[in-house]
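J.: Below is the file my_file.txt, with compact mmCIF, C-alpha atoms.
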# COMPACT_ATOMS: atom_id res chain seq x y z
CA MET A 21 112.95 58.64 -60.95
CA ASP A 22 112.60 61.26 -63.71
CA ASP A 23 113.94 64.82 -63.40
CA THR A 24 110.57 66.34 -62.39
CA ALA A 25 110.05 63.80 -59.59
CA ALA A 26 113.65 64.19 -58.43
CA ARG A 27 113.36 67.99 -58.26
CA HIS A 28 110.10 67.70 -56.37
CA ASN A 29 111.62 65.24 -53.93
CA GLU A 30 114.60 67.51 -53.28
CA LYS A 31 112.35 70.53 -52.80
CA MET A 32 110.18 68.67 -50.28
CA LYS A 33 113.26 67.55 -48.33
CA LYS A 34 114.37 71.16 -47.97
CA ILE A 35 110.88 72.28 -46.90
CA LYS A 36 110.70 69.47 -44.33
CA ALA A 37 114.13 70.33 -42.92
CA ALA A 38 113.18 74.01 -42.60
CA ARG A 39 109.84 73.14 -41.00
CA ASP A 40 111.41 70.70 -38.54
CA LYS A 41 113.88 73.40 -37.50
CA MET A 42 111.05 75.91 -37.05
CA MET A 43 108.97 73.45 -35.01
CA GLU A 44 111.86 72.94 -32.57
CA THR A 45 111.34 76.54 -31.43
CA LYS A 46 107.58 76.09 -30.78
CA THR A 47 107.55 74.72 -27.24
CA GLU A 48 105.12 76.89 -25.27
CA GLU A 49 101.62 75.72 -24.35
CA LYS A 50 98.90 78.12 -23.31
CA GLY A 51 95.18 78.68 -23.46
CA LEU A 52 94.48 80.87 -26.47
CA ILE A 53 92.25 83.90 -26.86
CA MET A 54 90.79 83.52 -30.36
CA VAL A 55 88.65 85.99 -32.30
CA HIS A 56 86.57 85.13 -35.38
CA THR A 57 85.25 88.25 -37.04
CA GLY A 58 84.50 89.76 -40.45
CA ALA A 59 81.49 90.07 -42.75
CA GLY A 60 81.84 86.61 -44.24
CA LYS A 61 80.14 83.39 -43.19
CA GLY A 62 81.89 80.86 -40.95
CA LYS A 63 82.64 82.61 -37.66
CA SER A 64 80.29 80.60 -35.44
CA SER A 65 80.68 77.54 -37.66
CA SER A 66 84.42 77.51 -37.01
CA GLY A 67 83.89 77.99 -33.28
CA PHE A 68 81.49 75.05 -33.14
CA GLY A 69 83.96 73.01 -35.17
CA MET A 70 86.43 73.46 -32.32
CA ILE A 71 83.73 72.34 -29.88
CA MET A 72 83.52 69.10 -31.91
CA ARG A 73 87.28 68.69 -31.57
CA CYS A 74 87.03 69.18 -27.80
CA ILE A 75 84.40 66.44 -27.62
CA ALA A 76 86.61 64.11 -29.64
CA HIS A 77 89.61 64.76 -27.37
CA GLY A 78 87.62 64.45 -24.16
CA LYS A 79 88.07 68.12 -23.28
CA PRO A 80 85.04 69.55 -21.42
CA ALA A 81 83.71 72.68 -23.11
CA ALA A 82 81.04 75.34 -22.72
CA VAL A 83 79.09 77.59 -25.07
CA VAL A 84 77.56 80.92 -24.12
CA GLN A 85 75.42 82.16 -26.99
CA PHE A 86 74.78 85.89 -27.12
CA ILE A 87 72.16 87.62 -29.29
CA LYS A 88 70.55 84.59 -31.02
CA GLY A 89 68.06 84.04 -28.21
CA ASN A 90 65.54 81.22 -28.43
CA TRP A 91 66.31 80.54 -32.08
CA MET A 92 66.89 76.76 -32.08
CA THR A 93 70.02 76.40 -34.20
CA GLY A 94 71.29 73.04 -35.41
CA GLU A 95 74.39 73.25 -33.20
CA ARG A 96 72.31 73.95 -30.10
CA GLU A 97 69.92 71.08 -30.89
CA PHE A 98 72.83 68.71 -31.54
CA LEU A 99 74.93 69.56 -28.52
CA THR A 100 72.17 69.80 -25.93
CA LYS A 101 70.55 66.53 -26.99
CA ARG A 102 73.56 64.38 -27.84
CA PHE A 103 76.44 65.75 -25.79
CA PRO A 104 74.93 67.31 -22.64
CA ASP A 105 77.67 65.82 -20.44
CA GLU A 106 80.52 67.01 -22.64
CA VAL A 107 79.34 70.54 -23.45
CA ARG A 108 77.47 73.02 -21.29
CA PHE A 109 75.22 75.25 -23.40
CA PHE A 110 73.89 78.64 -22.22
CA VAL A 111 71.73 81.14 -24.09
CA SER A 112 71.70 84.74 -22.89
CA GLY A 113 70.23 86.80 -25.70
CA GLU A 114 66.58 87.37 -26.54
CA GLY A 115 67.12 87.69 -30.26
CA PHE A 116 68.77 90.11 -32.64
CA THR A 117 68.80 93.72 -31.48
CA TRP A 118 66.41 94.86 -34.21
CA GLU A 119 63.87 92.30 -32.94
CA THR A 120 63.86 93.23 -29.25
CA GLN A 121 64.04 97.00 -29.88
CA ASP A 122 64.68 97.43 -26.17
CA ARG A 123 68.21 98.46 -25.26
CA ASP A 124 67.76 97.92 -21.53
CA ARG A 125 66.66 94.33 -22.09
CA ASP A 126 69.52 93.73 -24.52
CA VAL A 127 72.05 95.13 -22.05
CA ALA A 128 70.64 93.02 -19.22
CA ALA A 129 70.76 89.88 -21.38
CA ALA A 130 74.34 90.59 -22.45
CA GLN A 131 75.43 91.25 -18.86
CA ASN A 132 73.84 87.97 -17.80
CA GLY A 133 75.65 86.20 -20.61
CA TRP A 134 78.98 87.71 -19.57
CA ARG A 135 78.35 86.60 -15.97
CA MET A 136 77.78 83.03 -17.21
CA ALA A 137 80.82 83.27 -19.48
CA LYS A 138 83.11 84.26 -16.61
CA GLU A 139 81.80 81.40 -14.48
CA GLN A 140 82.55 78.89 -17.23
CA ILE A 141 85.98 80.33 -18.02
CA LEU A 142 86.98 80.22 -14.35
CA ASP A 143 85.64 76.68 -13.83
CA PRO A 144 88.68 74.36 -13.61
CA ASP A 145 86.66 71.55 -15.22
CA ILE A 146 86.16 73.52 -18.45
CA GLN A 147 88.98 73.74 -20.98
CA PHE A 148 87.35 75.57 -23.91
CA VAL A 149 84.67 78.28 -23.91
CA LEU A 150 82.93 79.56 -27.02
CA LEU A 151 81.40 83.03 -26.67
CA ASP A 152 79.21 83.00 -29.74
CA GLU A 153 78.28 86.44 -31.14
CA ILE A 154 79.73 88.29 -28.15
CA ASN A 155 81.32 90.76 -30.57
CA ILE A 156 77.83 92.04 -31.40
CA ALA A 157 77.17 92.77 -27.72
CA LEU A 158 80.55 94.52 -27.51
CA ARG A 159 79.91 96.50 -30.68
CA TYR A 160 76.72 98.00 -29.25
CA ASP A 161 78.42 98.64 -25.91
CA TYR A 162 76.12 96.24 -24.05
CA LEU A 163 79.34 95.08 -22.41
CA ASP A 164 82.40 97.09 -21.38
CA ILE A 165 85.24 96.14 -23.75
CA ASP A 166 87.89 97.11 -21.20
CA GLU A 167 86.35 94.82 -18.58
CA VAL A 168 86.15 91.91 -21.03
CA VAL A 169 89.75 92.33 -22.23
CA ASP A 170 91.09 92.77 -18.69
CA PHE A 171 89.34 89.59 -17.55
CA LEU A 172 90.65 87.58 -20.50
CA LEU A 173 94.22 88.81 -20.03
CA HIS A 174 94.45 88.67 -16.23
CA GLU A 175 91.83 86.28 -14.85
CA LYS A 176 91.41 83.58 -17.49
CA PRO A 177 93.19 80.40 -16.36
CA HIS A 178 96.45 79.91 -18.23
CA MET A 179 95.40 76.75 -20.09
CA THR A 180 91.77 77.65 -20.85
CA HIS A 181 90.95 78.44 -24.48
CA VAL A 182 88.34 81.12 -25.26
CA CYS A 183 86.90 81.82 -28.71
CA LEU A 184 84.89 85.00 -29.34
CA THR A 185 82.83 85.30 -32.50
CA GLY A 186 80.85 87.98 -34.33
CA ARG A 187 81.28 90.81 -36.78
CA ASN A 188 83.07 94.06 -36.03
CA ALA A 189 85.42 92.86 -33.31
CA LYS A 190 86.74 95.85 -31.40
CA GLU A 191 90.39 96.82 -31.81
CA GLU A 192 91.06 96.33 -28.10
CA LEU A 193 89.98 92.69 -28.38
CA ILE A 194 91.95 92.12 -31.57
CA GLU A 195 95.05 93.51 -29.87
CA ALA A 196 94.60 91.25 -26.85
CA ALA A 197 93.93 88.06 -28.82
CA ASP A 198 96.48 85.38 -29.68
CA LEU A 199 94.71 84.40 -32.90
CA VAL A 200 92.43 86.55 -35.04
CA THR A 201 90.69 85.36 -38.18
CA GLU A 202 88.66 87.66 -40.42
CA MET A 203 86.09 85.99 -42.66
CA SER A 204 85.81 87.92 -45.93
CA LEU A 205 82.53 88.17 -47.80
CA ILE A 206 82.99 87.55 -51.51
CA LYS A 207 79.57 86.18 -52.46
CA HIS A 208 76.47 85.36 -50.42
CA PRO A 209 73.14 83.96 -51.67
CA PHE A 210 71.18 86.33 -49.41
CA ARG A 211 72.07 89.13 -51.81
CA ASP A 212 70.24 87.21 -54.54
CA GLY A 213 67.11 86.77 -52.47
CA VAL A 214 67.91 83.34 -51.04
CA LYS A 215 66.86 82.98 -47.40
CA ALA A 216 68.98 81.31 -44.70
CA GLN A 217 69.15 77.57 -45.30
CA LYS A 218 68.74 74.99 -42.56
CA GLY A 219 71.97 73.03 -42.06
CA VAL A 220 74.03 75.75 -43.73
CA GLU A 221 73.18 78.95 -41.85
CA PHE A 222 71.63 77.51 -38.70
Represent the structure contained in this file as C-alpha cells.
T.:
Amino acid sequence: MDDTAARHNEKMKKIKAARDKMMETKTEEKGLIMVHTGAGKGKSSSGFGMIMRCIAHGKPAAVVQFIKGNWMTGEREFLTKRFPDEVRFFVSGEGFTWETQDRDRDVAAAQNGWRMAKEQILDPDIQFVLLDEINIALRYDYLDIDEVVDFLLHEKPHMTHVCLTGRNAKEELIEAADLVTEMSLIKHPFRDGVKAQKGVEF
C-alpha cells in the first residue's frame, strides 16, 4: 500500500470510529414533521420520493394535494392507477389561486383538504402523510397556521410522519418541524421561455 492509500485508509478509520460513536447516541424513534420549502424545484418531487419508499417498505401512506386541483400530474396518475391499495390519494384544490380568482372557494377547498389531512394523519393504518402544496394555502391564510401547528404537535400520532410542501413556509411551521429543507433556485428553464415539461415538472 503506497503512502496516499495508507493515509486515506487511516483517515477513513478515524471517520468511521467517530461516526460509530455518534450513532450510538441516536436511539430515539418518532414520526417526523418535515417541511420542504423554497423557490427551487424539488419540493413535491422529494415528498413523492418518500411515498415511493413507503410503498417499498410496506408502509401505508396518504397524499392530500392542495392547490393543484384537477391537473392530472404524473405522480397522481401513477399512484392512483398502480398503487391504489398502498397509497390513498385526495385532491382538495380547484387549481392555482390566480385561476380560480375566488377566495371563498379557495378557502373552502383548503379547509376541506385540511379536514381530509387530519383524518388521514389520525388513521392508525396510515404511517406517512404528504400534504402537497399546503404551504401555499397557509401563505394565503386559507388555513389557520396556529391550528395546523397545534394539531401536528399535539394530536399527530407519535409514529406518524407528515411532510408539508410548498413555497414560503411560515415561521411557525418551520419552528415546529423536525426537519426543514429549503430548495434554492439557481437556474430554471422557465426564465428562458421553456414551458413545464411532462415527466420533469408534472
J.: Record the distance separating atom CA of A:Met54 and atom CA of A:Ala197, expressed in Å with one decimal.
T.: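 These atoms are spaced 5.7 Å apart.
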J.: Taking all atoms listed in the file into account, which of A:Arg125, A:Arg108, A:Lys176, A:Lys36 comes nearest A:Leu52?
T.: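 Of A:Arg125, A:Arg108, A:Lys176, A:Lys36, the one nearest A:Leu52, counting all atoms listed in the file, is A:Lys176.
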J.: Select, from A:Ala157, A:Val111, A:Ala76, A:Ile146, the residue with the minimum atom-to-atom distance to A:Met92, counting only C-alpha atoms.
T.: A:Val111
J.: Between A:Ile87, A:Met203, A:Val107, A:Ile141, which one has atoms that come closest to A:Tyr160, using only C-alpha atoms?
T.: A:Ile87
J.: Hey, what's within 7 Å of A:Thr185 if we count only C-alpha atoms and toss same-chain stuff fewer than 4 positions away? As a PyMOL selection string, please?
T.: chain A and resi 55-57+63-64+151-155
J.: Would you write out those residues with C-alpha atoms, as a PDB file, keeping the file's coordinate frame?
T.:
ATOM      1  CA  VAL A  55      88.650  85.990 -32.300  1.00  0.00           C
ATOM      2  CA  HIS A  56      86.570  85.130 -35.380  1.00  0.00           C
ATOM      3  CA  THR A  57      85.250  88.250 -37.040  1.00  0.00           C
ATOM      4  CA  LYS A  63      82.640  82.610 -37.660  1.00  0.00           C
ATOM      5  CA  SER A  64      80.290  80.600 -35.440  1.00  0.00           C
ATOM      6  CA  LEU A 151      81.400  83.030 -26.670  1.00  0.00           C
ATOM      7  CA  ASP A 152      79.210  83.000 -29.740  1.00  0.00           C
ATOM      8  CA  GLU A 153      78.280  86.440 -31.140  1.00  0.00           C
ATOM      9  CA  ILE A 154      79.730  88.290 -28.150  1.00  0.00           C
ATOM     10  CA  ASN A 155      81.320  90.760 -30.570  1.00  0.00           C
TER      11      ASN A 155
END
J.: Take atom CA of A:Lys218 and atom CA of A:Lys61 and report the distance between them in Å, one decimal.
T.: 14.2 Å
J.: Just the number, please: distance in Å from atom CA of A:Leu142 to atom CA of A:Asn90, one decimal.
T.: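 For atom CA of A:Leu142 relative to atom CA of A:Asn90, the distance reads 25.7 Å.
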